[in-house]
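Structure data follow from final32.txt (compact mmCIF, C-alpha atoms):
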```
# COMPACT_ATOMS: atom_id res chain seq x y z
CA MET A 1 26.43 1.84 9.06
CA ILE A 2 23.21 -0.07 8.27
CA ASP A 3 22.99 -2.12 5.07
CA THR A 4 19.41 -2.42 3.83
CA PRO A 5 18.71 -5.41 1.58
CA ARG A 6 16.58 -5.20 -1.56
CA LEU A 7 13.07 -4.45 -0.42
CA VAL A 8 9.79 -6.33 -0.56
CA ASP A 9 7.20 -3.67 -1.41
CA GLN A 10 4.19 -5.19 0.29
CA TYR A 11 1.67 -2.76 -1.21
CA CYS A 12 1.86 -0.77 -4.44
CA HIS A 13 0.17 -0.21 -7.79
CA GLY A 14 1.36 -0.13 -11.37
CA VAL A 15 2.78 2.90 -13.17
CA LEU A 16 1.25 4.89 -16.00
CA ARG A 17 2.09 3.82 -19.54
CA THR A 18 1.50 7.30 -21.01
CA GLU A 19 3.69 10.38 -21.35
CA LEU A 20 2.86 13.12 -18.85
CA GLY A 21 2.86 16.88 -19.12
CA LEU A 22 3.65 19.22 -16.25
CA GLY A 23 0.09 19.46 -14.98
CA THR A 24 -0.63 15.74 -15.23
CA PHE A 25 2.64 14.78 -13.58
CA GLU A 26 2.11 17.29 -10.79
CA ALA A 27 -1.40 16.02 -10.07
CA HIS A 28 0.06 12.60 -9.25
CA LEU A 29 2.29 14.11 -6.56
CA GLY A 30 -0.71 15.07 -4.44
CA PRO A 31 -3.72 13.25 -3.01
CA ALA A 32 -5.86 11.33 -5.47
CA ALA A 33 -8.40 13.43 -7.39
CA VAL A 34 -7.05 16.68 -5.89
CA LEU A 35 -5.48 19.49 -7.92
CA PRO A 36 -3.16 22.14 -6.49
CA ALA A 37 -4.73 25.48 -5.69
CA SER A 38 -4.28 28.27 -8.21
CA GLY A 39 -0.79 29.74 -7.98
CA THR A 40 0.61 26.76 -6.07
CA THR A 41 2.31 23.50 -7.01
CA PHE A 42 2.54 20.03 -5.50
CA PHE A 43 6.26 20.18 -6.18
CA ASP A 44 6.30 22.42 -3.08
CA THR A 45 5.51 19.51 -0.76
CA GLN A 46 7.65 16.99 1.05
CA THR A 47 6.87 14.51 -1.74
CA GLY A 48 7.79 17.02 -4.45
CA PHE A 49 11.08 17.90 -2.78
CA ALA A 50 11.86 14.20 -2.30
CA VAL A 51 11.28 13.54 -6.01
CA ARG A 52 13.74 16.31 -6.89
CA ARG A 53 16.27 14.93 -4.41
CA TRP A 54 16.25 11.23 -5.28
CA CYS A 55 15.09 10.89 -8.90
CA PRO A 56 17.17 13.24 -11.10
CA PRO A 57 20.45 11.29 -10.62
CA LEU A 58 18.77 8.16 -11.96
CA LEU A 59 18.00 10.07 -15.16
CA GLY A 60 21.48 11.63 -15.45
CA LEU A 61 20.70 14.99 -13.78
CA GLU A 62 21.91 16.68 -10.62
CA PRO A 63 19.82 16.39 -7.43
CA HIS A 64 17.28 19.16 -6.79
CA CYS A 65 17.23 20.28 -10.42
CA PRO A 66 14.23 22.47 -11.41
CA PRO A 67 10.99 20.61 -12.17
CA ALA A 68 10.88 21.86 -15.76
CA ARG A 69 14.35 20.51 -16.46
CA TYR A 70 13.53 17.20 -14.84
CA LEU A 71 10.34 16.77 -16.88
CA ALA A 72 12.14 17.73 -20.08
CA ARG A 73 14.67 14.97 -19.43
CA ARG A 74 11.80 12.60 -18.73
CA ARG A 75 10.24 13.36 -22.13
CA GLU A 76 13.62 13.04 -23.83
CA LEU A 77 14.09 9.51 -22.48
CA GLY A 78 10.48 8.43 -23.05
CA VAL A 79 8.10 6.80 -20.63
CA ALA A 80 9.45 3.25 -21.01
CA GLU A 81 13.13 4.13 -20.49
CA THR A 82 12.29 6.52 -17.66
CA GLY A 83 10.32 3.81 -15.91
CA ARG A 84 13.09 1.27 -16.42
CA ARG A 85 15.74 3.56 -14.94
CA LEU A 86 13.66 4.68 -11.98
CA LEU A 87 12.22 1.29 -11.04
CA GLY A 88 15.59 -0.37 -11.57
CA GLY A 89 17.20 2.17 -9.25
CA ALA A 90 14.64 1.77 -6.45
CA GLY A 91 16.20 -1.45 -5.17
CA ILE A 92 13.01 -3.53 -4.99
CA ALA A 93 13.26 -7.32 -5.03
CA THR A 94 9.52 -8.09 -4.98
CA TYR A 95 6.41 -6.05 -5.69
CA LEU A 96 2.99 -6.97 -4.28
CA VAL A 97 0.66 -5.16 -6.66
CA ASP A 98 -2.95 -4.15 -6.01
CA THR A 99 -4.59 -4.45 -9.43
CA GLY A 100 -7.98 -3.06 -8.41
CA LEU A 101 -7.56 0.58 -9.49
CA PRO A 102 -8.84 1.94 -12.79
CA GLY A 103 -6.57 3.63 -15.31
CA ASP A 104 -3.82 2.73 -17.75
CA LEU A 105 -1.50 1.18 -15.16
CA THR A 106 1.03 -1.57 -15.69
CA GLY A 107 0.23 -4.98 -14.27
CA PRO A 108 2.45 -7.07 -11.99
CA ALA A 109 4.39 -8.70 -14.85
CA GLU A 110 5.19 -5.37 -16.53
CA LEU A 111 6.24 -3.80 -13.24
CA ALA A 112 8.49 -6.76 -12.48
CA ALA A 113 10.11 -6.64 -15.92
CA ALA A 114 10.81 -2.90 -15.73
CA GLY A 115 12.24 -3.15 -12.21
CA GLU A 116 14.08 -6.45 -12.75
CA ALA A 117 12.19 -7.91 -9.81
CA ARG A 118 9.46 -10.38 -8.93
CA ALA A 119 5.80 -9.43 -8.60
CA HIS A 120 2.62 -10.94 -7.17
CA GLU A 121 -0.99 -9.82 -7.35
CA ILE A 122 -3.11 -8.41 -4.53
CA VAL A 123 -6.83 -8.71 -5.29
CA ARG A 124 -8.96 -5.75 -4.22
CA LEU A 125 -12.26 -7.05 -2.91
CA GLU A 126 -14.71 -4.31 -3.90
CA PRO A 127 -14.05 -4.40 -7.69
CA LEU A 128 -14.16 -8.20 -7.53
CA ALA A 129 -17.63 -8.09 -5.95
CA GLU A 130 -18.81 -5.53 -8.51
CA GLN A 131 -17.64 -7.77 -11.37
CA VAL A 132 -19.56 -10.67 -9.84
CA ALA A 133 -22.69 -8.51 -9.59
CA ASP A 134 -22.40 -7.59 -13.27
CA THR A 135 -22.65 -11.26 -14.27
CA SER A 136 -25.12 -12.59 -11.66
CA GLY A 137 -28.82 -12.39 -12.38
CA THR A 138 -30.31 -13.17 -8.97
CA VAL A 139 -29.53 -12.59 -5.31
CA ASP A 140 -28.76 -16.25 -4.68
CA ALA A 141 -26.51 -16.44 -7.75
CA PHE A 142 -24.69 -13.29 -6.70
CA LEU A 143 -23.99 -14.56 -3.17
CA ALA A 144 -22.89 -18.00 -4.36
CA ASN A 145 -20.70 -16.57 -7.11
CA LEU A 146 -19.18 -14.04 -4.72
CA THR A 147 -17.94 -16.75 -2.35
CA GLU A 148 -16.60 -18.77 -5.26
CA ALA A 149 -14.83 -15.74 -6.76
CA VAL A 150 -13.06 -14.89 -3.50
CA GLN A 151 -11.96 -18.48 -2.97
CA SER A 152 -10.71 -18.68 -6.56
CA ALA A 153 -8.81 -15.40 -6.21
CA ALA A 154 -7.08 -16.73 -3.11
CA VAL A 155 -5.45 -19.43 -5.23
CA HIS A 156 -3.56 -17.05 -7.56
CA SER A 157 -2.95 -14.03 -5.31
CA VAL A 158 -0.85 -13.44 -2.20
CA ALA A 159 -3.36 -11.22 -0.40
CA PHE A 160 -6.65 -9.34 -0.50
CA SER A 161 -7.13 -5.64 0.06
CA SER A 162 -10.17 -3.58 0.98
CA ALA A 163 -10.53 0.16 0.58
CA SER A 164 -13.85 0.32 2.41
CA ALA A 165 -13.04 -1.44 5.68
CA ALA A 166 -12.71 1.73 7.73
CA ARG A 167 -16.14 3.04 6.67
CA CYS A 168 -18.28 -0.07 6.30
CA GLY A 169 -19.59 -0.21 9.86
CA LEU A 170 -16.89 -2.39 11.44
CA ALA A 171 -16.48 0.12 14.25
CA ALA A 172 -20.10 -0.48 15.30
CA VAL A 173 -20.67 -4.09 14.21
CA ALA A 174 -17.66 -6.31 13.60
CA ASP A 175 -19.24 -9.77 13.68
CA VAL A 176 -20.31 -11.94 10.76
CA PRO A 177 -23.66 -10.67 9.39
CA GLY A 178 -26.53 -13.17 9.42
CA ARG A 179 -27.62 -14.95 6.26
CA GLY A 180 -30.99 -13.22 6.18
CA GLU A 181 -29.39 -9.83 6.74
CA VAL A 182 -26.98 -10.47 3.86
CA ARG A 183 -29.74 -11.61 1.47
CA ARG A 184 -31.86 -8.54 2.21
CA ALA A 185 -28.88 -6.23 1.75
CA ALA A 186 -27.93 -7.94 -1.52
CA GLY A 187 -31.47 -7.64 -2.81
CA ARG A 188 -31.61 -3.92 -2.04
CA TRP A 189 -28.19 -3.22 -3.52
CA LEU A 190 -28.76 -5.19 -6.72
CA ALA A 191 -32.17 -3.58 -7.23
CA ASP A 192 -31.00 -0.01 -6.65
CA ARG A 193 -27.53 -0.26 -8.20
CA PRO A 194 -26.92 1.70 -11.38
CA ALA A 195 -24.98 -0.08 -14.13
CA GLY A 196 -21.42 -0.57 -12.92
CA GLY A 197 -22.21 1.10 -9.59
CA PRO A 198 -19.84 0.67 -6.63
CA LEU A 199 -20.38 -1.67 -3.70
CA ASP A 200 -21.61 0.69 -0.99
CA SER A 201 -23.71 -1.56 1.26
CA PRO A 202 -22.14 -1.79 4.75
CA VAL A 203 -23.68 -5.22 5.31
CA LEU A 204 -22.33 -6.62 2.02
CA LEU A 205 -18.92 -5.08 2.67
CA ARG A 206 -18.77 -6.79 6.06
CA HIS A 207 -19.89 -10.05 4.44
CA LEU A 208 -17.19 -9.69 1.79
CA LEU A 209 -14.46 -9.11 4.39
CA TRP A 210 -15.52 -12.19 6.33
CA ILE A 211 -15.45 -14.32 3.16
CA ALA A 212 -11.89 -13.10 2.62
CA VAL A 213 -10.93 -13.96 6.19
CA GLY A 214 -12.26 -17.46 5.62
CA ALA A 215 -10.06 -17.82 2.53
CA GLY A 216 -6.99 -17.60 4.76
CA ARG A 217 -4.95 -15.04 2.82
CA PRO A 218 -3.62 -11.87 4.50
CA LEU A 219 -6.18 -9.07 4.35
CA GLN A 220 -4.92 -5.52 3.84
CA LEU A 221 -7.23 -2.86 5.28
CA HIS A 222 -6.90 0.68 3.97
CA THR A 223 -7.31 3.19 6.78
CA GLY A 224 -6.56 6.36 4.78
CA ASP A 225 -6.70 9.34 7.09
CA ARG A 226 -9.10 7.58 9.48
CA ASP A 227 -8.17 6.36 12.94
CA PRO A 228 -7.51 2.61 12.60
CA GLY A 229 -8.67 2.16 16.17
CA GLY A 230 -12.15 1.80 14.68
CA LEU A 231 -11.06 -1.60 13.35
CA ALA A 232 -10.16 -2.96 16.78
CA GLY A 233 -13.46 -4.82 17.07
CA PHE A 234 -12.89 -6.57 13.75
CA ALA A 235 -9.33 -7.39 14.80
CA ALA A 236 -10.59 -8.95 18.03
CA ALA A 237 -13.30 -10.91 16.21
CA THR A 238 -10.86 -12.36 13.65
CA ALA A 239 -8.13 -13.36 16.11
CA GLY A 240 -7.16 -17.01 15.82
CA LEU A 241 -8.92 -17.60 12.50
CA GLY A 242 -5.74 -17.90 10.43
CA ALA A 243 -5.87 -14.69 8.39
CA ASP A 244 -3.45 -11.87 9.15
CA LEU A 245 -4.65 -8.25 8.97
CA VAL A 246 -2.35 -5.52 7.64
CA LEU A 247 -3.26 -1.90 8.41
CA LEU A 248 -2.33 0.22 5.39
CA HIS A 249 -1.51 3.93 5.19
CA GLY A 250 -1.67 4.75 8.88
CA ALA A 251 -0.45 8.36 8.68
CA PRO A 252 -1.32 10.56 10.49
CA HIS A 253 -2.55 7.81 12.84
CA HIS A 254 0.57 5.67 12.58
CA ARG A 255 0.94 5.48 16.37
CA THR A 256 -2.51 3.87 16.71
CA ALA A 257 -1.72 1.38 13.97
CA ALA A 258 1.56 0.52 15.68
CA ARG A 259 -0.20 -0.01 19.02
CA MET A 260 -2.75 -2.33 17.41
CA ALA A 261 0.08 -4.35 15.88
CA GLY A 262 1.44 -4.76 19.39
CA VAL A 263 -1.90 -5.80 20.90
CA PHE A 264 -3.21 -8.30 18.32
CA PRO A 265 -0.98 -11.22 17.28
CA HIS A 266 -2.39 -11.30 13.73
CA VAL A 267 -2.31 -7.53 13.06
CA TYR A 268 0.58 -5.85 11.22
CA ALA A 269 1.31 -2.20 10.52
CA ASP A 270 2.41 -0.72 7.21
CA LEU A 271 5.34 1.70 6.99
CA GLY A 272 4.28 3.05 3.58
CA ALA A 273 2.59 6.44 3.48
CA ALA A 274 3.75 7.25 6.99
CA LEU A 275 7.31 7.58 5.61
CA ALA A 276 6.85 8.24 1.88
CA HIS A 277 4.85 11.44 2.42
CA THR A 278 6.82 12.89 5.33
CA GLY A 279 10.02 13.41 3.35
CA ALA A 280 12.73 14.98 5.48
CA ARG A 281 10.86 14.02 8.67
CA ALA A 282 10.60 10.32 7.82
CA ALA A 283 13.16 9.36 10.46
CA ASP A 284 11.11 11.01 13.21
CA VAL A 285 7.98 9.13 12.13
CA LEU A 286 9.83 5.81 11.93
CA ALA A 287 11.23 6.31 15.43
CA GLU A 288 7.70 6.87 16.77
CA VAL A 289 6.46 3.63 15.19
CA LEU A 290 9.42 1.67 16.57
CA GLU A 291 8.53 2.90 20.06
CA LEU A 292 5.19 1.08 19.96
CA ALA A 293 5.18 -1.96 17.68
CA PRO A 294 7.18 -5.19 17.91
CA PHE A 295 9.74 -5.08 15.14
CA GLY A 296 8.41 -8.29 13.61
CA LYS A 297 5.02 -6.64 13.02
CA LEU A 298 6.14 -3.81 10.69
CA LEU A 299 6.23 -4.03 6.88
CA TYR A 300 7.75 -1.76 4.25
CA SER A 301 5.61 -0.55 1.37
CA SER A 302 5.65 2.33 -1.07
CA GLY A 303 1.92 2.63 -1.70
CA ALA A 304 3.11 4.07 -5.03
CA ARG A 305 0.64 4.59 -7.86
CA GLY A 306 1.05 6.06 -11.33
CA LEU A 307 4.55 7.56 -11.12
CA PRO A 308 7.68 5.38 -10.96
CA GLU A 309 9.18 8.33 -9.06
CA LEU A 310 6.98 7.45 -6.09
CA HIS A 311 8.58 4.00 -5.90
CA VAL A 312 12.00 5.67 -5.77
CA VAL A 313 10.96 8.25 -3.17
CA ALA A 314 9.39 5.69 -0.83
CA ALA A 315 12.33 3.28 -1.00
CA SER A 316 14.91 6.05 -0.59
CA ALA A 317 13.07 7.70 2.30
CA PHE A 318 12.72 4.35 4.04
CA ARG A 319 16.40 3.48 3.70
CA ALA A 320 17.53 6.94 4.80
CA ALA A 321 15.19 6.94 7.80
CA LEU A 322 16.21 3.43 8.80
CA GLY A 323 19.89 4.34 8.57
CA ARG A 324 19.48 7.51 10.63
CA VAL A 325 17.35 5.97 13.38
CA LEU A 326 19.09 2.64 13.83
CA GLY A 327 22.52 4.12 13.16
CA ALA A 328 22.04 6.68 15.92
CA TRP A 329 21.01 3.99 18.37
CA VAL A 330 24.09 1.97 17.52
CA MET A 331 26.32 5.03 17.94
CA ASP A 332 24.72 5.69 21.34
CA GLY A 333 25.39 2.11 22.41
CA ALA A 334 21.68 1.37 22.85
CA TRP A 335 21.77 -1.28 20.12
CA SER A 336 24.48 -3.53 18.76
CA ARG A 337 25.22 -3.24 15.07
CA THR A 338 24.26 -6.90 14.63
CA ASP A 339 20.82 -6.34 16.11
CA ALA A 340 20.31 -3.15 14.08
CA GLN A 341 21.19 -5.00 10.89
CA ARG A 342 18.81 -7.83 11.76
CA VAL A 343 15.91 -5.45 12.46
CA ALA A 344 16.61 -3.54 9.24
CA SER A 345 16.33 -6.79 7.27
CA MET A 346 13.08 -7.66 9.07
CA LEU A 347 11.40 -4.37 8.19
CA ALA A 348 12.78 -4.25 4.66
CA ALA A 349 11.89 -7.75 3.51
CA ASP A 350 11.87 -10.62 6.00
CA ASN A 351 8.59 -9.77 7.75
CA ALA A 352 6.77 -9.48 4.41
CA LYS A 353 8.24 -12.77 3.20
CA ARG A 354 6.84 -14.47 6.28
CA VAL A 355 3.38 -12.85 6.27
CA TYR A 356 2.78 -13.36 2.54
CA ARG A 357 4.54 -16.76 2.41
CA LEU A 358 6.94 -15.68 -0.30
CA GLY A 359 9.39 -18.47 0.42
```

So, in terms of structure tokens, how does the structure I just supplied come out?
Amino acid sequence: MIDTPRLVDQYCHGVLRTELGLGTFEAHLGPAAVLPASGTTFFDTQTGFAVRRWCPPLLGLEPHCPPARYLARRRELGVAETGRRLLGGAGIATYLVDTGLPGDLTGPAELAAAGEARAHEIVRLEPLAEQVADTSGTVDAFLANLTEAVQSAAVHSVAFSSASAARCGLAAVADVPGRGEVRRAAGRWLADRPAGGPLDSPVLLRHLLWIAVGAGRPLQLHTGDRDPGGLAGFAAATAGLGADLVLLHGAPHHRTAARMAGVFPHVYADLGAALAHTGARAADVLAEVLELAPFGKLLYSSGARGLPELHVVAASAFRAALGRVLGAWVMDGAWSRTDAQRVASMLAADNAKRVYRLG
């Protein structure tokens, strides 16, 4: 009943270029850096079941085929052909790709070529700051170069992302840190930082986020499994400054993220992990989000990383959930089919095109 257009994936990563064995493949089905317990498998999760439902037909197999058979077919086709078939079958028109993760992952151009789509870069702020620190000899040089690097990145990217926003002290102090406070924090961090060490200073992280806000690009804030309500102070402080905030990966706090999108004009909520990891219950989660957020404030994403299968699962779960929820409301007479189709297009692509100025 509901036709979903080709999607704009407003947050994802590249896929692995290497062949994967059973254990390596399985590890990518679960949370990052977590292995399944002895005697168990991540194929026995909602994500694992969704992979076996949606992906085998794209490789010429029947749905729900055993994992061993699926992986054997994957090896038979090779990593490049497997990626081409899976990404091509996901129905993505545009990828917005966070390039800040380590590992042998494809970049935006490779992802676009394999999926016959467009792609744009999202710059992750923390690795950018760490690269600046590696090439800056003094505190003053570091701070000057950091501002210049963020402003330069804004020219060639569609957005910034931050993985540390939820834990950098924004819940307690959301305002712009003072110049003296920033210089002292930079001096301590540069002096104590081991070679290549991560940016872990709350003051510098706040400073970095405010530089990004000043650059005017949308700023994606990872919330992980934390309550995004802790970012309400930052949302209030940045209102009216011209930079939109996008709350990523709201599950299991997707209701809070949806409420914040309704309260703050410049805050948007991501539909990524909240649907991709709930599998057969994705429609229930989507219905909860649609109870709370204006429809123009919700954006599709896959959040996929490493496996092209995760792009397929997220897109398929989103389309199925959207069809079930909106289709039921049309059948009940609560919505017209025209309105349901319009909202489906907003969530699938149109909202992201507007927020990220994709034209």

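Closest approach to A:Asn351 among A:Val246, A:Ala90, A:Ala280, A:Leu146 is made by A:Val246 (distances from all atoms listed in the file).
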
Would you kindly identify which residues have an atom no farther than 7 Å from (7.3, 4.0, -13.8), using all atoms listed in the file and the file's own coordinates, and write them out as a short mmCIF file (atom, residue, chain, number, x, y, z; two decimals) with C-alpha atoms, in the coordinates of the input?
```cif
data_model
loop_
_atom_site.label_atom_id
_atom_site.label_comp_id
_atom_site.auth_asym_id
_atom_site.auth_seq_id
_atom_site.Cartn_x
_atom_site.Cartn_y
_atom_site.Cartn_z
CA VAL A 15 2.78 2.90 -13.17
CA LEU A 16 1.25 4.89 -16.00
CA THR A 82 12.29 6.52 -17.66
CA GLY A 83 10.32 3.81 -15.91
CA ARG A 84 13.09 1.27 -16.42
CA LEU A 86 13.66 4.68 -11.98
CA LEU A 87 12.22 1.29 -11.04
CA LEU A 307 4.55 7.56 -11.12
CA PRO A 308 7.68 5.38 -10.96
CA GLU A 309 9.18 8.33 -9.06
#
```

Taking only C-alpha atoms into account, which of A:Leu170, A:Val330, A:Ala117, A:Leu96 comes nearest A:Ala352?
A:Leu96

What does the structure give for the distance between atom CA of A:Gly14 and atom CA of A:Val158, in Å to one decimal?
16.3 Å

Skipping near chain neighbours, those fewer than 6 positions away, what residues fall within 12 Å of A:Pro66 using all atoms listed in the file, listed as a PyMOL selection string?
chain A and resi 43-44+48-49+51-53+55-56+72-73

Write the residues of the preceding selection, restricted to C-alpha atoms, as a CSV table (one decimal), in the coordinates of the input.
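Full text of again38.csv as output:
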```csv
chain,number,residue,atom,x,y,z
A,43,PHE,CA,6.3,20.2,-6.2
A,44,ASP,CA,6.3,22.4,-3.1
A,48,GLY,CA,7.8,17.0,-4.4
A,49,PHE,CA,11.1,17.9,-2.8
A,51,VAL,CA,11.3,13.5,-6.0
A,52,ARG,CA,13.7,16.3,-6.9
A,53,ARG,CA,16.3,14.9,-4.4
A,55,CYS,CA,15.1,10.9,-8.9
A,56,PRO,CA,17.2,13.2,-11.1
A,72,ALA,CA,12.1,17.7,-20.1
A,73,ARG,CA,14.7,15.0,-19.4
```

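For the atom pair formed by atom CA of A:Ala239 and atom CA of A:Pro265, the distance is 7.6 Å, given to one decimal.
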
Compile the contact shell of A:Gly137 as a VMD selection string: residues with an atom at most 12 Å away, counting only C-alpha atoms, same-chain residues fewer than 6 positions apart removed.
chain A and resid 143 to 145 186 to 187 190 to 191

By how many Å are atom CA of A:Gln220 and atom CA of A:Gly250 apart?
11.9 Å

Selection near A:His254, 7 Å with only C-alpha atoms, sequence-local residues under 4 positions removed, as an mmCIF file with C-alpha atoms, in the coordinates of the input:
```cif
data_model
loop_
_atom_site.group_PDB
_atom_site.id
_atom_site.type_symbol
_atom_site.label_atom_id
_atom_site.label_comp_id
_atom_site.auth_asym_id
_atom_site.auth_seq_id
_atom_site.Cartn_x
_atom_site.Cartn_y
_atom_site.Cartn_z
ATOM 1 C CA GLY A 250 -1.670 4.750 8.880
ATOM 2 C CA ALA A 258 1.560 0.520 15.680
ATOM 3 C CA ALA A 274 3.750 7.250 6.990
ATOM 4 C CA VAL A 289 6.460 3.630 15.190
#
```

Nearest to A:Gly107, restricted to all atoms listed in the file and choosing among A:Ala340, A:Cys65, A:Ala37, A:Cys12, comes out as A:Cys12

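All protein, DNA and RNA residues at most 12 Å from (-0.8, 8.6, -26.2) are Leu16, Arg17, Thr18, Glu19, Leu20, Gly21, Gly78, Val79 and Asp104 of chain A, using all atoms listed in the file.
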
Find the residues around stretch 207-213 of chain A up to 8 Å (only C-alpha atoms counted), leave out those fewer than 3 positions away in its own chain, and share them as a ChimeraX atom specification.
/A:125,129,147,150-151,160,162,165,176-177,182,203-204,216-219,238,241-243

Of A:Arg118, A:His28, A:Arg324, A:Arg85, the one nearest to A:Leu286 when counting all atoms listed in the file is A:Arg324

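With distances restricted to all atoms listed in the file, A:Gly169 is the closest residue to A:Arg206 from A:Gly169, A:Ser336, A:Arg179, A:Leu221.
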
Exercise: A:Thr24 partners within 12 Å, all atoms listed in the file, chain neighbours under 5 positions left out, as a ChimeraX atom specification:
/A:16,18-19,29-30,32-36,41-42,71,306-307

Where is the centre and how long are the edges: axis-aligned box on stretch 274-282 of chain A, 8 Å on each side, Å to one decimal, as JSON:
```
{"center_x": 8.2, "center_y": 11.1, "center_z": 5.3, "size_x": 25.0, "size_y": 23.7, "size_z": 22.8}
```

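Distances from A:Ala50, A:Ala149, A:Leu105, A:Leu247 to A:Leu275 were compared using only C-alpha atoms, and the smallest one belongs to A:Ala50.
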